[in-house]
2 protein chains.
Amino acid sequence: LKKAEDLGEFKIIQILWENLTKAPNMVVPFGDDVSAFKIENNTVIIKTDMLVGRTDVPPTMTRWQAARKAVVMNISDLAAKGVKPSGILVSLGIPPYLTEDEIVQIGKGLDAGANEYSTHILGGDTNETQDLIISVSAFGVAGRGGILLRNGASPGEIVATTGPFGLTACGLKALKEKLKAPEEIMRKIVDAVLIPRARLKEGLTLTQSGGVTSSIDSSDGLARSLYEISRVSRVGFVIDKMPVSKEASEFARIHDLNPLDLSLYGGEEYELIVTVKPELWSRVDEAVRREGGRLLKIGRTIAGEGIFLKRGDEMLEIESGGYEHFKGN
Amino acid sequence: LKKAEDLGEFKIIQILWENLTKAPNMVVPFGDDVSAFKIENNTVIIKTDMLVGRTDVPPTMTRWQAARKAVVMNISDLAAKGVKPSGILVSLGIPPYLTEDEIVQIGKGLDAGANEYSTHILGGDTNETQDLIISVSAFGVAGRGGILLRNGASPGEIVATTGPFGLTACGLKALKEKLKAPEEIMRKIVDAVLIPRARLKEGLTLTQSGGVTSSIDSSDGLARSLYEISRVSRVGFVIDKMPVSKEASEFARIHDLNPLDLSLYGGEEYELIVTVKPELWSRVDEAVRREGGRLLKIGRTIAGEGIFLKRGDEMLEIESGGYEHFKGN
């Protein structure tokens, strides 16, 4: 008799999905970053994601930071689809031992997360739980550019990310295993964990640019996110410039860690990964820069399956993997 | 230093609310059954409510029933506002010890809850938690009749409910304390707990009728729900016909319980409580009957504060109270 801990998160999602009646004419396929439904000429986009104290709150993260993060991680999914949030609902599970001040900090953290992205908490629900649970729902309306799904990539396109990877994995290691590093590096990697940011400006600009064919938020890790686009778009990838952050490289060197693994399998990062039509690259790139963001070209899509890392003349296959609930790694 | 368990659910909600920036032009006031935002000429209604294994799943309730209930309790809030659900999202917290079959039952239960009200599960999120957590978000669009808020009641109106009270309180007592009763009574009271139903048809009809001035779902109990309408509409109530269910009366008689308490303070019931303009009562009542539902006239609204039970010439003040998280009663 298999249990949840043997099945793992992805098998559980598959089992649930197989037991659901499919809605006719789904605007967004099941399993994309968000869900959607039509109202007359508008598409309402909605996302729900839960922060769980025991698995999602690393050592030293305050209640304020946890509450803010719960909001930001939902806004990141809207950002990946190019949708501005219209409002946020929060369903809270509060353990009996939380102090009044901690509850105030949760309120302020939720508010900060929403306000940073020009939206508000509109309502919610409070419950009594053993562990802190912050279940957030974020919603918005698709703009004129429509929304960016995961399944639109074709062979021969450019793959890009809105920033480098590896900071969060280093930060988590530093916090959990009490690893040290020079102050500037430490601040950068720990901030990535405690005060993550959603790439909302970038996501909105990418959608309006007309040059982006697919998009995903990288919270499941770079490798898994590429595999997800690969699976639903039916393309492969050749990555020839791994977007490893400077600080992650340095932290890896100090502690004799593999910077590639840290960047591919870290997760809890909120960069966007997009595929771009090559003939529109300059236009897309400039539009993002004008908004104060950036796009790192990391490789290209290819016909067929597989995700490969090109180093000189070598082609290494990148394996899937990364954080999975119940498999805790 | 006060803790959550000392503060109680309602004080916690107040603290959170005080620490949130208020959205400009809120379509629905904070604290009503649902939240809302405008898209052009449409109002999108959204609700989130969490089912927690330890507090919301009584003995003998199956995983299928728990999952179905988590959906139904959200649809009930939409029903109270007169809004048809357009879709459901689910954020799940699964404990590691759940079996594959239990996960299948959760999927089927969610699906059943949605399908009974002609809607679908559109997406969600799965997490690892210590206790079973089913956080549901339900959303829909306000129809031409607008939505029914809690704050529209005036003195001199009729107060009515879509069904009798007390079944759930008796059912919970029967399950938790293993109390017995004749089979027919047992089935009725236990079903009320295990297979609750949302009054969606009634809610839609009541909204379209044009004669209803305020509406609330009774999941916090009859007394607390009346107090909530009283507080935001600034009216009092005289209840002259307590809607105690036949089976609850009989169960109370057998076990020497107070049927009034069971009906006023039970909670977890999903009847709608509405105030109706007296001159439109017949029209409203007939419309609900045509849809196969019913309206029980239980009293009237009065100027001033207080909620009173009229028995012959006596006027007894009904106290607030009922289930509150952290106060567990």
# chains A, B, ... in the order shown; residues from 1 in each chain; ligands from 1
$ select_by_dssp --residues "segment 90-193 of chain A" --states "alpha helix (DSSP H)" --output "count of residues only"
39
$ residues_around --residues "Thr207 of chain B" --least-positions-apart "5" --cutoff "7 Å" --atoms "only C-alpha atoms" --output "list in words"
Gly82, Gly145, Ile147, Leu148 and Val212 of chain B
$ write_last_selection --atoms "all heavy atoms" --output "CSV table (one decimal), in the first residue's frame"
chain,number,residue,atom,x,y,z
B,82,GLY,N,-25.5,35.0,-3.9
B,82,GLY,CA,-26.3,34.9,-5.2
B,82,GLY,C,-25.4,34.7,-6.4
B,82,GLY,O,-25.8,35.2,-7.5
B,145,GLY,N,-28.6,40.7,-11.2
B,145,GLY,CA,-29.2,41.2,-10.0
B,145,GLY,C,-28.2,41.7,-9.0
B,145,GLY,O,-28.6,42.1,-7.9
B,147,ILE,N,-25.1,41.5,-6.2
B,147,ILE,CA,-24.9,40.5,-5.1
B,147,ILE,C,-25.6,41.0,-3.8
B,147,ILE,O,-25.8,42.1,-3.6
B,147,ILE,CB,-23.4,40.2,-4.9
B,147,ILE,CG1,-22.7,41.4,-4.4
B,147,ILE,CG2,-22.8,39.6,-6.2
B,147,ILE,CD1,-21.2,41.1,-4.0
B,148,LEU,N,-25.9,40.0,-3.0
B,148,LEU,CA,-26.5,40.3,-1.7
B,148,LEU,C,-25.4,40.4,-0.6
B,148,LEU,O,-24.7,39.5,-0.3
B,148,LEU,CB,-27.4,39.1,-1.3
B,148,LEU,CG,-28.6,38.8,-2.3
B,148,LEU,CD1,-29.3,37.6,-1.8
B,148,LEU,CD2,-29.5,40.0,-2.4
B,212,VAL,N,-34.8,40.8,-1.6
B,212,VAL,CA,-34.0,40.5,-0.5
B,212,VAL,C,-33.0,41.6,-0.2
B,212,VAL,O,-32.4,42.1,-1.1
B,212,VAL,CB,-33.2,39.2,-0.7
B,212,VAL,CG1,-32.2,38.8,0.4
B,212,VAL,CG2,-34.2,38.0,-1.0
$ residues_around --residues "Glu228 of chain A" --least-positions-apart "3" --cutoff "9 Å" --atoms "only C-alpha atoms" --output "list in words"
Arg150, Asn151, Ile216, Ala223, Arg224, Ser225, Arg231, Val232 and Ser233 of chain A
$ write_last_selection --atoms "C-alpha atoms" --output "CSV table (one decimal), in the first residue's frame"
chain,number,residue,atom,x,y,z
A,150,ARG,CA,4.2,27.0,-21.2
A,151,ASN,CA,3.3,25.3,-24.4
A,216,ILE,CA,7.4,29.7,-16.8
A,223,ALA,CA,16.2,22.2,-14.7
A,224,ARG,CA,12.6,21.1,-13.8
A,225,SER,CA,11.2,24.3,-15.3
A,231,ARG,CA,7.3,18.4,-22.1
A,232,VAL,CA,4.3,20.6,-23.0
A,233,SER,CA,5.9,22.5,-26.0
$ residues_around --residues "segment 276-283 of chain A" --least-positions-apart "3" --cutoff "7 Å" --atoms "only C-alpha atoms" --output "list in words"
Glu157, Ile158, Val159, Gly211, Val212, Thr213, Glu286 and Ala287 of chain A
$ residues_around --residues "Gly107 of chain A" --least-positions-apart "3" --cutoff "8 Å" --atoms "only C-alpha atoms" --output "ChimeraX atom specification"
/A:64,67,103-104,110-111 /B:15-17,19-20
$ residues_around --residues "segment 45-51 of chain B" --least-positions-apart "6" --cutoff "9 Å" --atoms "only C-alpha atoms" --output "PyMOL selection string"
(chain A and resi 89-93+123-127+135-137) or (chain B and resi 28+33-38+57+66-67+69-71+73-75+77-78+81+83+85+132-142)
$ write_last_selection --atoms "C-alpha atoms" --output "tab-separated table (two decimals), in the first residue's frame"
chain	number	residue	atom	x	y	z
A	89	LEU	CA	-7.05	36.52	-0.69
A	90	VAL	CA	-5.39	34.73	2.19
A	91	SER	CA	-6.47	31.63	4.05
A	92	LEU	CA	-4.42	31.40	7.24
A	93	GLY	CA	-3.69	28.49	9.52
A	123	GLY	CA	-10.19	39.18	2.26
A	124	GLY	CA	-9.59	35.73	3.63
A	125	ASP	CA	-10.17	33.26	6.36
A	126	THR	CA	-8.47	32.29	9.64
A	127	ASN	CA	-8.12	28.80	11.06
A	135	SER	CA	-2.55	29.76	1.59
A	136	VAL	CA	-2.69	32.66	-0.85
A	137	SER	CA	-4.88	33.17	-3.90
B	28	VAL	CA	-17.57	44.14	-1.07
B	33	ASP	CA	-18.89	36.20	3.04
B	34	VAL	CA	-16.82	36.86	-0.11
B	35	SER	CA	-14.43	39.35	-1.72
B	36	ALA	CA	-14.79	40.99	-5.11
B	37	PHE	CA	-13.16	43.09	-7.78
B	38	LYS	CA	-14.42	44.87	-10.88
B	57	VAL	CA	-13.13	16.54	10.16
B	66	ALA	CA	-13.91	15.92	3.76
B	67	ALA	CA	-12.76	16.95	0.26
B	69	LYS	CA	-17.20	19.44	2.15
B	70	ALA	CA	-14.19	21.73	1.58
B	71	VAL	CA	-15.64	22.63	-1.83
B	73	MET	CA	-18.46	25.24	2.24
B	74	ASN	CA	-16.92	27.69	-0.26
B	75	ILE	CA	-19.82	27.36	-2.70
B	77	ASP	CA	-20.58	31.55	0.60
B	78	LEU	CA	-21.03	32.23	-3.12
B	81	LYS	CA	-24.26	36.27	-2.28
B	83	VAL	CA	-23.28	34.00	-7.35
B	85	PRO	CA	-19.42	29.35	-9.25
B	132	LEU	CA	-4.72	17.30	6.18
B	133	ILE	CA	-5.34	20.82	4.84
B	134	ILE	CA	-7.76	21.52	1.98
B	135	SER	CA	-7.70	25.20	1.11
B	136	VAL	CA	-10.32	25.96	-1.54
B	137	SER	CA	-10.85	29.10	-3.60
B	138	ALA	CA	-14.16	29.45	-5.41
B	139	PHE	CA	-14.92	32.22	-7.87
B	140	GLY	CA	-17.73	33.46	-10.04
B	141	VAL	CA	-19.24	36.52	-11.65
B	142	ALA	CA	-22.11	38.57	-10.21
$ atom_distance --atom1 "atom CA of Gly266 of chain B" --atom2 "atom CA of Gly221 of chain B"
5.3 Å
$ closest_residue --among "B:Met61, B:Pro243, B:Asp220, B:Ala181" --to "His325 of chain B" --atoms "only C-alpha atoms"
B:Asp220
$ atom_distance --atom1 "atom CA of Lys180 of chain A" --atom2 "atom CA of Gly163 of chain A"
23.8 Å
$ atom_distance --atom1 "atom CA of Ser263 of chain A" --atom2 "atom CA of Ala169 of chain A"
7.3 Å
$ closest_residue --among "B:Lys241, B:Lys327, B:Arg63, B:Lys176" --to "chain A" --atoms "only C-alpha atoms"
B:Lys327
$ decode --residues "segment 205-283 of chain A" --atoms "C-alpha atoms" --output "PDB file, in the first residue's frame"
ATOM      1  CA  THR A 205       6.747  43.713 -20.685  1.00  0.00           C
ATOM      2  CA  LEU A 206       7.558  40.278 -22.094  1.00  0.00           C
ATOM      3  CA  THR A 207       3.867  39.610 -22.750  1.00  0.00           C
ATOM      4  CA  GLN A 208       3.288  42.922 -24.473  1.00  0.00           C
ATOM      5  CA  SER A 209       6.438  42.537 -26.607  1.00  0.00           C
ATOM      6  CA  GLY A 210       4.794  39.957 -28.849  1.00  0.00           C
ATOM      7  CA  GLY A 211       8.094  38.089 -29.216  1.00  0.00           C
ATOM      8  CA  VAL A 212       7.806  35.572 -26.392  1.00  0.00           C
ATOM      9  CA  THR A 213       6.424  32.109 -27.202  1.00  0.00           C
ATOM     10  CA  SER A 214       6.445  30.450 -23.767  1.00  0.00           C
ATOM     11  CA  SER A 215       7.103  31.409 -20.173  1.00  0.00           C
ATOM     12  CA  ILE A 216       7.377  29.735 -16.780  1.00  0.00           C
ATOM     13  CA  ASP A 217       8.277  30.861 -13.277  1.00  0.00           C
ATOM     14  CA  SER A 218      11.375  29.043 -12.058  1.00  0.00           C
ATOM     15  CA  SER A 219      10.195  28.237  -8.538  1.00  0.00           C
ATOM     16  CA  ASP A 220      10.563  24.494  -9.162  1.00  0.00           C
ATOM     17  CA  GLY A 221      14.198  25.008 -10.209  1.00  0.00           C
ATOM     18  CA  LEU A 222      15.842  25.790 -13.553  1.00  0.00           C
ATOM     19  CA  ALA A 223      16.189  22.153 -14.657  1.00  0.00           C
ATOM     20  CA  ARG A 224      12.635  21.136 -13.805  1.00  0.00           C
ATOM     21  CA  SER A 225      11.187  24.295 -15.335  1.00  0.00           C
ATOM     22  CA  LEU A 226      13.044  23.667 -18.617  1.00  0.00           C
ATOM     23  CA  TYR A 227      11.780  20.064 -18.569  1.00  0.00           C
ATOM     24  CA  GLU A 228       8.264  21.334 -18.061  1.00  0.00           C
ATOM     25  CA  ILE A 229       8.422  23.649 -21.096  1.00  0.00           C
ATOM     26  CA  SER A 230      10.079  20.804 -23.012  1.00  0.00           C
ATOM     27  CA  ARG A 231       7.291  18.381 -22.118  1.00  0.00           C
ATOM     28  CA  VAL A 232       4.337  20.595 -23.004  1.00  0.00           C
ATOM     29  CA  SER A 233       5.923  22.459 -25.971  1.00  0.00           C
ATOM     30  CA  ARG A 234       7.613  19.307 -27.347  1.00  0.00           C
ATOM     31  CA  VAL A 235      10.996  20.915 -27.854  1.00  0.00           C
ATOM     32  CA  GLY A 236      14.458  20.148 -26.530  1.00  0.00           C
ATOM     33  CA  PHE A 237      17.009  22.642 -25.208  1.00  0.00           C
ATOM     34  CA  VAL A 238      20.700  23.294 -25.682  1.00  0.00           C
ATOM     35  CA  ILE A 239      21.980  25.517 -22.875  1.00  0.00           C
ATOM     36  CA  ASP A 240      25.328  27.028 -23.838  1.00  0.00           C
ATOM     37  CA  LYS A 241      25.596  29.761 -21.244  1.00  0.00           C
ATOM     38  CA  MET A 242      24.548  28.618 -17.778  1.00  0.00           C
ATOM     39  CA  PRO A 243      23.208  31.622 -15.845  1.00  0.00           C
ATOM     40  CA  VAL A 244      25.158  30.960 -12.637  1.00  0.00           C
ATOM     41  CA  SER A 245      25.230  34.011 -10.385  1.00  0.00           C
ATOM     42  CA  LYS A 246      28.634  35.495  -9.488  1.00  0.00           C
ATOM     43  CA  GLU A 247      27.938  35.145  -5.768  1.00  0.00           C
ATOM     44  CA  ALA A 248      26.777  31.526  -6.140  1.00  0.00           C
ATOM     45  CA  SER A 249      30.021  30.707  -8.001  1.00  0.00           C
ATOM     46  CA  GLU A 250      32.069  32.290  -5.268  1.00  0.00           C
ATOM     47  CA  PHE A 251      30.105  30.593  -2.474  1.00  0.00           C
ATOM     48  CA  ALA A 252      30.469  27.246  -4.278  1.00  0.00           C
ATOM     49  CA  ARG A 253      34.242  27.774  -4.612  1.00  0.00           C
ATOM     50  CA  ILE A 254      34.632  28.575  -0.904  1.00  0.00           C
ATOM     51  CA  HIS A 255      32.663  25.508   0.218  1.00  0.00           C
ATOM     52  CA  ASP A 256      33.726  23.154  -2.573  1.00  0.00           C
ATOM     53  CA  LEU A 257      30.183  22.803  -3.953  1.00  0.00           C
ATOM     54  CA  ASN A 258      29.096  22.278  -7.570  1.00  0.00           C
ATOM     55  CA  PRO A 259      27.816  25.630  -8.873  1.00  0.00           C
ATOM     56  CA  LEU A 260      25.941  23.920 -11.710  1.00  0.00           C
ATOM     57  CA  ASP A 261      23.932  21.769  -9.322  1.00  0.00           C
ATOM     58  CA  LEU A 262      23.166  24.785  -7.161  1.00  0.00           C
ATOM     59  CA  SER A 263      21.843  26.654 -10.198  1.00  0.00           C
ATOM     60  CA  LEU A 264      19.960  23.810 -11.855  1.00  0.00           C
ATOM     61  CA  TYR A 265      18.272  22.136  -8.916  1.00  0.00           C
ATOM     62  CA  GLY A 266      17.865  24.834  -6.273  1.00  0.00           C
ATOM     63  CA  GLY A 267      14.276  25.936  -6.671  1.00  0.00           C
ATOM     64  CA  GLU A 268      12.430  28.620  -4.688  1.00  0.00           C
ATOM     65  CA  GLU A 269      13.837  31.105  -7.202  1.00  0.00           C
ATOM     66  CA  TYR A 270      11.428  33.456  -8.866  1.00  0.00           C
ATOM     67  CA  GLU A 271      13.116  34.297 -12.157  1.00  0.00           C
ATOM     68  CA  LEU A 272      11.137  33.892 -15.367  1.00  0.00           C
ATOM     69  CA  ILE A 273      12.336  31.509 -18.062  1.00  0.00           C
ATOM     70  CA  VAL A 274      11.122  32.390 -21.552  1.00  0.00           C
ATOM     71  CA  THR A 275      11.555  31.369 -25.168  1.00  0.00           C
ATOM     72  CA  VAL A 276      11.866  34.211 -27.665  1.00  0.00           C
ATOM     73  CA  LYS A 277      11.539  34.393 -31.456  1.00  0.00           C
ATOM     74  CA  PRO A 278      15.110  35.110 -32.672  1.00  0.00           C
ATOM     75  CA  GLU A 279      14.006  37.791 -35.148  1.00  0.00           C
ATOM     76  CA  LEU A 280      12.349  39.719 -32.326  1.00  0.00           C
ATOM     77  CA  TRP A 281      15.110  39.239 -29.745  1.00  0.00           C
ATOM     78  CA  SER A 282      16.490  42.807 -29.865  1.00  0.00           C
ATOM     79  CA  ARG A 283      13.051  44.323 -29.523  1.00  0.00           C
TER      80      ARG A 283
END
